[in-house]
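Heads up: the structure comes next, in structure tokens.
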Protein chains: 2
Amino acid sequence: MHRNLRSFAPLRMTVIAIGFIAFPAQSQTADDIIKREVGTTRAYDTLEYLTDNIGPRLSGSPNAAAAVRWATETFQKWGIAVTNENVIVPHWVRGAEEAKLVSHHNQKIVLTTLGGSVATPPKGITADLVEVHSFDELKTSNVKGKIVFYDNPMDMEMVRGNRSFEAYSKAVVFRGEGASRAAQYGAVAALIRSVGSTSLRTPHTGAMRYDPNFPKIPAAAMTAEDAMLVDRLLKKGDGVRMHLLLMPRTLPDVASANVVAEIRGSEKPEEVVLIGGHLDSWDLGTGAIDDGSGVAMVMETMRLLKEMGAQPKRTIRAVLFMNEENGLNGGRAYFASHKNEKHSAAIETDAGAAAPTGFRTTLKGEALANLEKLAQPLAAVGAAHFETTPETGADTSFLTEAGVPGFSLVPEPLHYFDYHHSPADTLDKIDPKELAQDTAAVAALAWILANQ
Amino acid sequence: MHRNLRSFAPLRMTVIAIGFIAFPAQSQTADDIIKREVGTTRAYDTLEYLTDNIGPRLSGSPNAAAAVRWATETFQKWGIAVTNENVIVPHWVRGAEEAKLVSHHNQKIVLTTLGGSVATPPKGITADLVEVHSFDELKTSNVKGKIVFYDNPMDMEMVRGNRSFEAYSKAVVFRGEGASRAAQYGAVAALIRSVGSTSLRTPHTGAMRYDPNFPKIPAAAMTAEDAMLVDRLLKKGDGVRMHLLLMPRTLPDVASANVVAEIRGSEKPEEVVLIGGHLDSWDLGTGAIDDGSGVAMVMETMRLLKEMGAQPKRTIRAVLFMNEENGLNGGRAYFASHKNEKHSAAIETDAGAAAPTGFRTTLKGEALANLEKLAQPLAAVGAAHFETTPETGADTSFLTEAGVPGFSLVPEPLHYFDYHHSPADTLDKIDPKELAQDTAAVAALAWILANQ
């Protein structure tokens, strides 16, 4: 059902005149957007196809290419203008990953290779483990020829206090830099404790980076259970010796794409409100929370606006970024191509699909106060709360660093890191009702910003 | 600290004279046993060594042999008479296990081979999936040349209603018989949904059996997430085609052992109260709940009684059975050797180590009523409740079928099948306080039965 919302503008202006005089139809239309989306399974159905039929979609993989084709064709099917914009991406492929404690009856250790890691020699590495809890400890521990084990669990008090992302940031530094920091002191491999907030022997992967000044050593994440086991054994003074085999491969870079769709603005088409999520995922799960649900919110926002015949004043542009997980090449490529355009705002959604609680934003002061007034319709889905932060998203960080106002959806964070980057990031973790509420929040905010 | 409890008997008789005249020291000593054990980490420390230092111990494996040596030496160290009794066990070894949906972008399916399964051809099997929910459906589904998928989740209402074991029994029939039942109609492989009560893409293994009348086809358990995925795709009418590779091997049988330790009775040494758990475990986890904790309770009961200098009237015999998981050969061998002895009771503990709630027993009527009076001290750890059931344990089933009164400890069952037979069955799932309470309950009941 299509209808021209503009024809109702005079009536609406009467109803919502107080405080919204400058933007007559906007708040009313935001209400309408929310009402139309909430309770539907439209975003969920889109997510279901992406995760169930295509599945994991790590950059460079055939499944990532399939996701680009599917998203493009889906926008086309919906009658929405869409293009693919080239992104060159790394092509890292997981291989065999095995570990056992040769010092303790060869018992198996469950771990997963960190994204970007080099391989061990084909016969593996056998070495003693040294446990540290900080980079400083590397200096005083004798790690030469050994496997460094960073035993840094997420701070669960923080997680329970709704500060999961802060707890993640604290713990994840060892995933990113741990290998090179350990290699600096002569270590032969680096292990972390999986960065996750619960575990059933669940490994969590994620990107690591090499410092070109030090040798590249292989890196993996043990499950929480295995990390606790090794910690207990080391505390007994036993000495722990591990055989570690990791056989990932880094293949030549691959030409991939961001999928970019837009509904052109009626009054200021050259001004762009960007809404984005990332189409790539890690390879262990099917990327339902990270970030299939963000992709579904963004795609469904476009379908809904198109179907409503909504004509925003500014252009609303959907960007499904490629390679957020292990390179950010999609975000970088987008910025390189579009930095000279005027971006009024960039909304990123990449934090799962639990019930919405509001948005983080780089806006503050009067600008934020003005928006908060306009954004009151979002209270219908619990998303009218805005919190000022310096960073609002990875793919859009290039834009926000250049001064574009940034926004990121904040779903309830409590369980996000139970699944994040693990094999358990699958569709069944998503509640269709909550995903619809998130979608409504993103669509309504995009609408408000495009008409502000 | 050792002391002779019998010297206190007259005093105790005064205090607890009503209703317990025939057994003066028994109830008081049961109190003492409970008080001494509760709050200690003694059972936990034993369990920690078994699970952390030896780890998984599937029958026939080097780790199972190490567990036999360790348990034997530990009893010896504690000054308790111990022997090994021969048990011939199967030696099944897990190999590669991989599956992908060739009909859906080759996405990976997480599964684990069922214990005892034959292998696929080395290149695997590629076939369509047919979903059924009962053996009856096999008759009307066209399963010839296909992979049968039994989609039978545990009844979660039952689980939440403290009937986990009943829910397990209902679901597990497809694990045991599913392959042969499907082979009867020409299927080329059988898959089940993992029998578990939660999942983070967690596979649960377990034993399956072949009916010699039908071809042996390979069998595996998908995780709950993968089962739900396949179910969704099939419901869409898509057709689902899988490539399945399972490379387990069945090696020649191995000579292993039950570990049998005892404290001889002072008045009726020829009458035996057996307490048992099983030393073997599945290979995916370290067998902390199944049944390392049972082993720890049994071993600690013996250490405690020995340390207290307690002299039971009847012999208390600890049996750490081998091969409960995939053959019951330990239980069978024990019965073959000892069936002519008089067993007064057989207590089995093989249901985890959550807080005790009581015991199941084959006793009923007056015999049970008499015991319930004697067992009142167990109320101190919440374990004075007895429920009559026809079966009380697998290893001791040969004894109870021959008329020996059977008992099995009943810890809170809610989370048992979250971990059971999965990689997540590890030490961290055990609460030392609850394990001590369980141990106290087993030790006190053994004491009461040995003096009744």
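Every chain in the structure tokens has a letter given in the order shown (A, B, ...), and although residue numbers restart at 1 in each chain, ligands are simply numbered from 1 in the order shown.
Residues from chain B found within 6 Å of chain A are B:Asn53, B:Ile54, B:Gly55, B:His104, B:His105, B:Gln107, B:Leu200, B:Arg201, B:Ala424, counting only C-alpha atoms.
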ask   = Which polymer residues have any atom within 8 Å of an atom of range 165-173 of chain A, counting only C-alpha atoms, with same-chain residues fewer than 5 positions away left out, as a list in words?
value =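 The residues satisfying every condition are Asn152, Pro153, Met154, Asp155, Met156, Met158, Val159, Gly178, Val195, Gly196, Pro413 and Phe417 of chain A.
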request  = Would you please give, as number ranges by chain, all residues of range 29-225 of chain B that DSSP assigns to helix (DSSP H, G or I) based on the backbone?
outcome  = B: 29-37, 42-54, 62-77, 136-140, 156-160, 164-183, 224-225
request  = Would you mind listing what lies within 8 Å of Lys216 in chain B as a list in words, with only C-alpha atoms counted and same-chain residues fewer than 3 positions away left out?
outcome  = Val118, Ala179, Ser180, Ala183 and Tyr210 of chain B
request  = Using backbone DSSP assignments, extract all strand (DSSP E or B) residues from range 108-315 of chain B; output them as an MDAnalysis selection string.
outcome  = chainID B and resid 108:109 111:113 115 125:132 147:150 189:193 207 219:222 241:246 249:263 268:278 314:315
key: Nearby residues (only C-alpha atoms) at most 8 Å from Lys146 in chain B, same-chain spacing under 6 positions excluded, as a ChimeraX atom specification   = /B:127-130,186-189
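Among the candidates A:Gly403, A:Gly39, A:Pro122, A:Pro212, the residue lying nearest to Thr362 in chain A is A:Gly403 (atoms considered: only C-alpha atoms).
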task = To one decimal in Å, tell me the separation between CA of Leu244 in chain A and CA of Phe174 in chain A.
result =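 Result for CA of Leu244 in chain A versus CA of Phe174 in chain A: 18.9 Å, one decimal.
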